[in-house]
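Engineer: Before anything else, here's the structure in question.
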Amino acid sequence: MRILVTGAAGFIGSRTSKRLLERGDEVVGLDDFNDYYDPTLKEARARPLEEHPAFKMIRMGCEDREGMAALFANERIDRVIHLAAQAGVRYSLENPFAYVDSNITGFLTILEGCRHNDVEHLVYASSSSVYGGNRSLPFSVSDSVDHPMSLYAATKKADELMAHTYSSLYGLPTTGLRFFTVYGPWGRPDMALFMFTKAILAGEKLPVFNHGNHSRDFTYVDDIVEGVIRALDRPATPNPEFDAKKPDPGSSQAPWRVYNIGRGGPVELLRYIELIEEATGRKAELELLPMQPGDVPDTWADVEALANDTGYEPDTPVEVGVPRFVEWYRSYYGA
């Protein structure tokens with residue numbers, strides 16, 4: 001297939017592109033290489049992809065309406081994996097317009113491109129943050145997600161709603177994937193594992209919010225990529241058992257689905273830090289701080305729907321994934 005991967009120089013997008021190329025697909029990568037974090041890391045991720053004969057990189061943002069329309073018209077795209085987005089809960093408190101531009105306007109250009117160019121299936125990144133104020137664990141795709149705690153979460157919920165509209169009106173198969181705290185080699189510098197590893201190796205204090213009373217369903221990046229590709233290969237279909245009088249939030253009469261992709265079990269944040277200490281051979285100095293606005297105390301993915309429909313459940317434990325990241329970090333930064 002010829003697949004468009006947006007955010008192709010990103011943490012998940014670069015590894016997804018690599019896997020697609022390895023199995024014989026052609027990949028059109030899209031990324032604007034913005035400076036939300038160090039663009040040299042993005043360039044380093046993209047370099048081996050750009051050396052592959054079946055890969056083409058287009059440097060552009062999804063919110064460029066004319067550019068995106070031309071891309072879809074010229075590139076003969078079969079399926080789309082849309083991973084480009086303005087990420088981060090805390091940054092949404094500082095720069096909300098960046099989230100509307102990228103996550104709302106940018107997603108609309110993707111939907112329009114798919115609609116007008118006979119794309120077979122759109123798979124896009126949602127987020128566990130859509131569960132917001134829900135404290136019923138584990139989070140299920142059948143749960144209501146009407147109480148987002150950040151603008152980032154609200155834009156991801158909006159993407160799911162917009163996708164449903166296009167699935168309903170135009171029959172476009174769409175699958176939204178709610179990622180749960182992705183980590184691993186080549187991760188983003190604004191993510192906890194990256195920041196904690198950097199601070200420990202530099203002998204700096206670790207800012208630990210909610211006084212360390214967080215738990216997260218940490219999910220290794222290769223498990224996320226496997227879930228993305230499994231979903232891509234299974235275009236969404238209408239749920240034949242959907243009851244409009246008791247609607248299931250995770251499926252529809254339209255060819256629309258959402259899935260959780262998580263390890264399927266929460267890990268205490270302080271345990272996560274212990275694993276970084278073990279991998280670095282250094283002791284962390286913690287600075288315990290109150291809960292951050294927009295944050296949630298716990299996440300935990302119910303992955304039953306993903307397992308039932310794709311036959312896949314993420315299974316990499318943090319005891320394996322964290323040391324792999326630390327090894328990569330030390331190698332890449334010479335730390």
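Scheme for the structure tokens: letters A, B, ... for chains in order shown; per-chain residue numbers from 1; ligand numbers from 1 in order shown.
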Excluding Pro293 (chain A) and residues on its chain fewer than 5 positions from it, collect all residues at most 9 Å away from it, counting only C-alpha atoms, and give them as a PyMOL selection string.

Structural biologist: chain A and resi 89-90+93+149-150

Engineer: Mind checking DSSP for region 32-281 of chain A and telling me the helix (DSSP H, G or I) residues as a PyMOL selection string?

Structural biologist: chain A and resi 39-50+65-75+91-94+96-116+128-131+151-170+192-202+209-212+221-232+269-280

Engineer: Mind listing the strand (DSSP E or B) residues of region 224-272 of chain A, per DSSP on the backbone, as a ChimeraX atom specification?

Structural biologist: /A:256-261,267-268

Engineer: Measuring atom to atom with only C-alpha atoms, identify which of A:Asp243, A:Asp222, A:Asp248, A:Asp38 is nearest to Gly184 (chain A).

Structural biologist: A:Asp222

Engineer: Calculated over only C-alpha atoms, which of the candidates A:Arg15, A:Ala54, A:Gly113, A:Gly294 has the smallest distance to Val28 (chain A)?

Structural biologist: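 Ranking A:Arg15, A:Ala54, A:Gly113, A:Gly294 by distance to Val28 (chain A), first place goes to A:Ala54.
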
Engineer: Excluding same-chain residues fewer than 5 positions from Ala199 (chain A), what lies within 12 Å of it counting only C-alpha atoms, as a PyMOL selection string?

Structural biologist: chain A and resi 189+192-194+204-208+273+276-277+280+282-287+335

Engineer: Counting only C-alpha atoms, which residue out of A:Arg188, A:Tyr91, A:Gly264, A:Thr310 sits closest to Asp233 (chain A)?

Structural biologist: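 That would be A:Thr310, the residue with the smallest distance to Asp233 (chain A).
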
Engineer: Need to verify the contact set: Phe72 (chain A), 9 Å, only C-alpha atoms, exclusion of same-chain residues closer than 2 positions in sequence. Can you return it as a PyMOL selection string?

Structural biologist: chain A and resi 67-70+74-77+110+113-114+116-117

Engineer: Per residue of region 42-141 of chain A within 9 Å of region 167-180 of chain A, what are the shortest atom pair and its distance in Å to one decimal, counting only C-alpha atoms, with rows by chain and residue number, as a tab-separated table?

Structural biologist:
```
residue	atom	partner	partner_atom	distance
A:Leu111	CA	A:Leu172	CA	8.7
A:Cys114	CA	A:Leu172	CA	7.6
A:Arg115	CA	A:Leu172	CA	6.7
A:Asp118	CA	A:Leu172	CA	8.4
A:Val119	CA	A:Leu172	CA	7.7
A:Glu120	CA	A:Pro173	CA	6.9
A:His121	CA	A:Pro173	CA	5.0
A:Leu122	CA	A:Thr174	CA	4.7
A:Val123	CA	A:Thr175	CA	4.8
A:Tyr124	CA	A:Gly176	CA	5.1
A:Ala125	CA	A:Leu177	CA	5.1
A:Ser126	CA	A:Arg178	CA	4.5
A:Ser127	CA	A:Arg178	CA	4.0
A:Ser128	CA	A:Arg178	CA	5.1
A:Ser129	CA	A:Arg178	CA	8.2
A:Val130	CA	A:Arg178	CA	8.1
A:Val141	CA	A:Arg178	CA	8.9
```

Engineer: Which of these, A:Leu20, A:Ile81, A:Leu108, A:Ala87, has the shortest distance to Asp64 (chain A) once you count only C-alpha atoms?

Structural biologist: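 Nearest candidate to Asp64 (chain A) out of A:Leu20, A:Ile81, A:Leu108, A:Ala87: A:Leu108.
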
Engineer: Please list as a PDB file with N, CA and C atoms, in the first residue's frame every residue within 8 Å of Val5 (chain A), counting only C-alpha atoms and excluding residues in the same chain fewer than 5 positions away.

Structural biologist:
```pdb
ATOM      1  N   GLY A  13       5.666   8.292  14.990  1.00  0.00           N
ATOM      2  CA  GLY A  13       5.571   8.299  13.540  1.00  0.00           C
ATOM      3  C   GLY A  13       6.795   7.748  12.845  1.00  0.00           C
ATOM      4  N   SER A  17       6.672   4.444  10.530  1.00  0.00           N
ATOM      5  CA  SER A  17       7.136   4.505   9.133  1.00  0.00           C
ATOM      6  C   SER A  17       8.167   3.419   8.861  1.00  0.00           C
ATOM      7  N   VAL A  27       5.777   4.694   1.805  1.00  0.00           N
ATOM      8  CA  VAL A  27       5.372   5.648   2.828  1.00  0.00           C
ATOM      9  C   VAL A  27       5.635   7.067   2.354  1.00  0.00           C
ATOM     10  N   VAL A  28       4.603   7.894   2.406  1.00  0.00           N
ATOM     11  CA  VAL A  28       4.740   9.336   2.244  1.00  0.00           C
ATOM     12  C   VAL A  28       4.702   9.923   3.648  1.00  0.00           C
ATOM     13  N   GLY A  29       5.804  10.481   4.089  1.00  0.00           N
ATOM     14  CA  GLY A  29       5.880  11.068   5.419  1.00  0.00           C
ATOM     15  C   GLY A  29       5.609  12.560   5.369  1.00  0.00           C
ATOM     16  N   LEU A  30       4.923  13.043   6.384  1.00  0.00           N
ATOM     17  CA  LEU A  30       4.638  14.472   6.490  1.00  0.00           C
ATOM     18  C   LEU A  30       5.057  14.943   7.868  1.00  0.00           C
ATOM     19  N   VAL A  80      -4.224   6.234   5.533  1.00  0.00           N
ATOM     20  CA  VAL A  80      -3.570   7.321   6.270  1.00  0.00           C
ATOM     21  C   VAL A  80      -3.408   6.938   7.737  1.00  0.00           C
ATOM     22  N   ILE A  81      -2.215   7.202   8.278  1.00  0.00           N
ATOM     23  CA  ILE A  81      -1.967   7.127   9.714  1.00  0.00           C
ATOM     24  C   ILE A  81      -1.644   8.537  10.172  1.00  0.00           C
ATOM     25  N   HIS A  82      -2.560   9.140  10.883  1.00  0.00           N
ATOM     26  CA  HIS A  82      -2.412  10.551  11.271  1.00  0.00           C
ATOM     27  C   HIS A  82      -1.929  10.627  12.717  1.00  0.00           C
ATOM     28  N   LEU A  83      -0.639  10.926  12.872  1.00  0.00           N
ATOM     29  CA  LEU A  83      -0.021  11.007  14.195  1.00  0.00           C
ATOM     30  C   LEU A  83       0.441  12.428  14.527  1.00  0.00           C
TER      31      LEU A  83
END
```

Engineer: Point out the residue among A:Gly187, A:Gly262, A:Pro96, A:Gly61 with the least atom-to-atom distance to Gly10 (chain A), counting only C-alpha atoms.

Structural biologist: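 Of A:Gly187, A:Gly262, A:Pro96, A:Gly61, the one nearest Gly10 (chain A), counting only C-alpha atoms, is A:Gly187.
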
Engineer: CA of Val326 (chain A) to CA of Ser92 (chain A): how many Å, to one decimal?

Structural biologist: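 Result for CA of Val326 (chain A) versus CA of Ser92 (chain A): 27.8 Å, one decimal.
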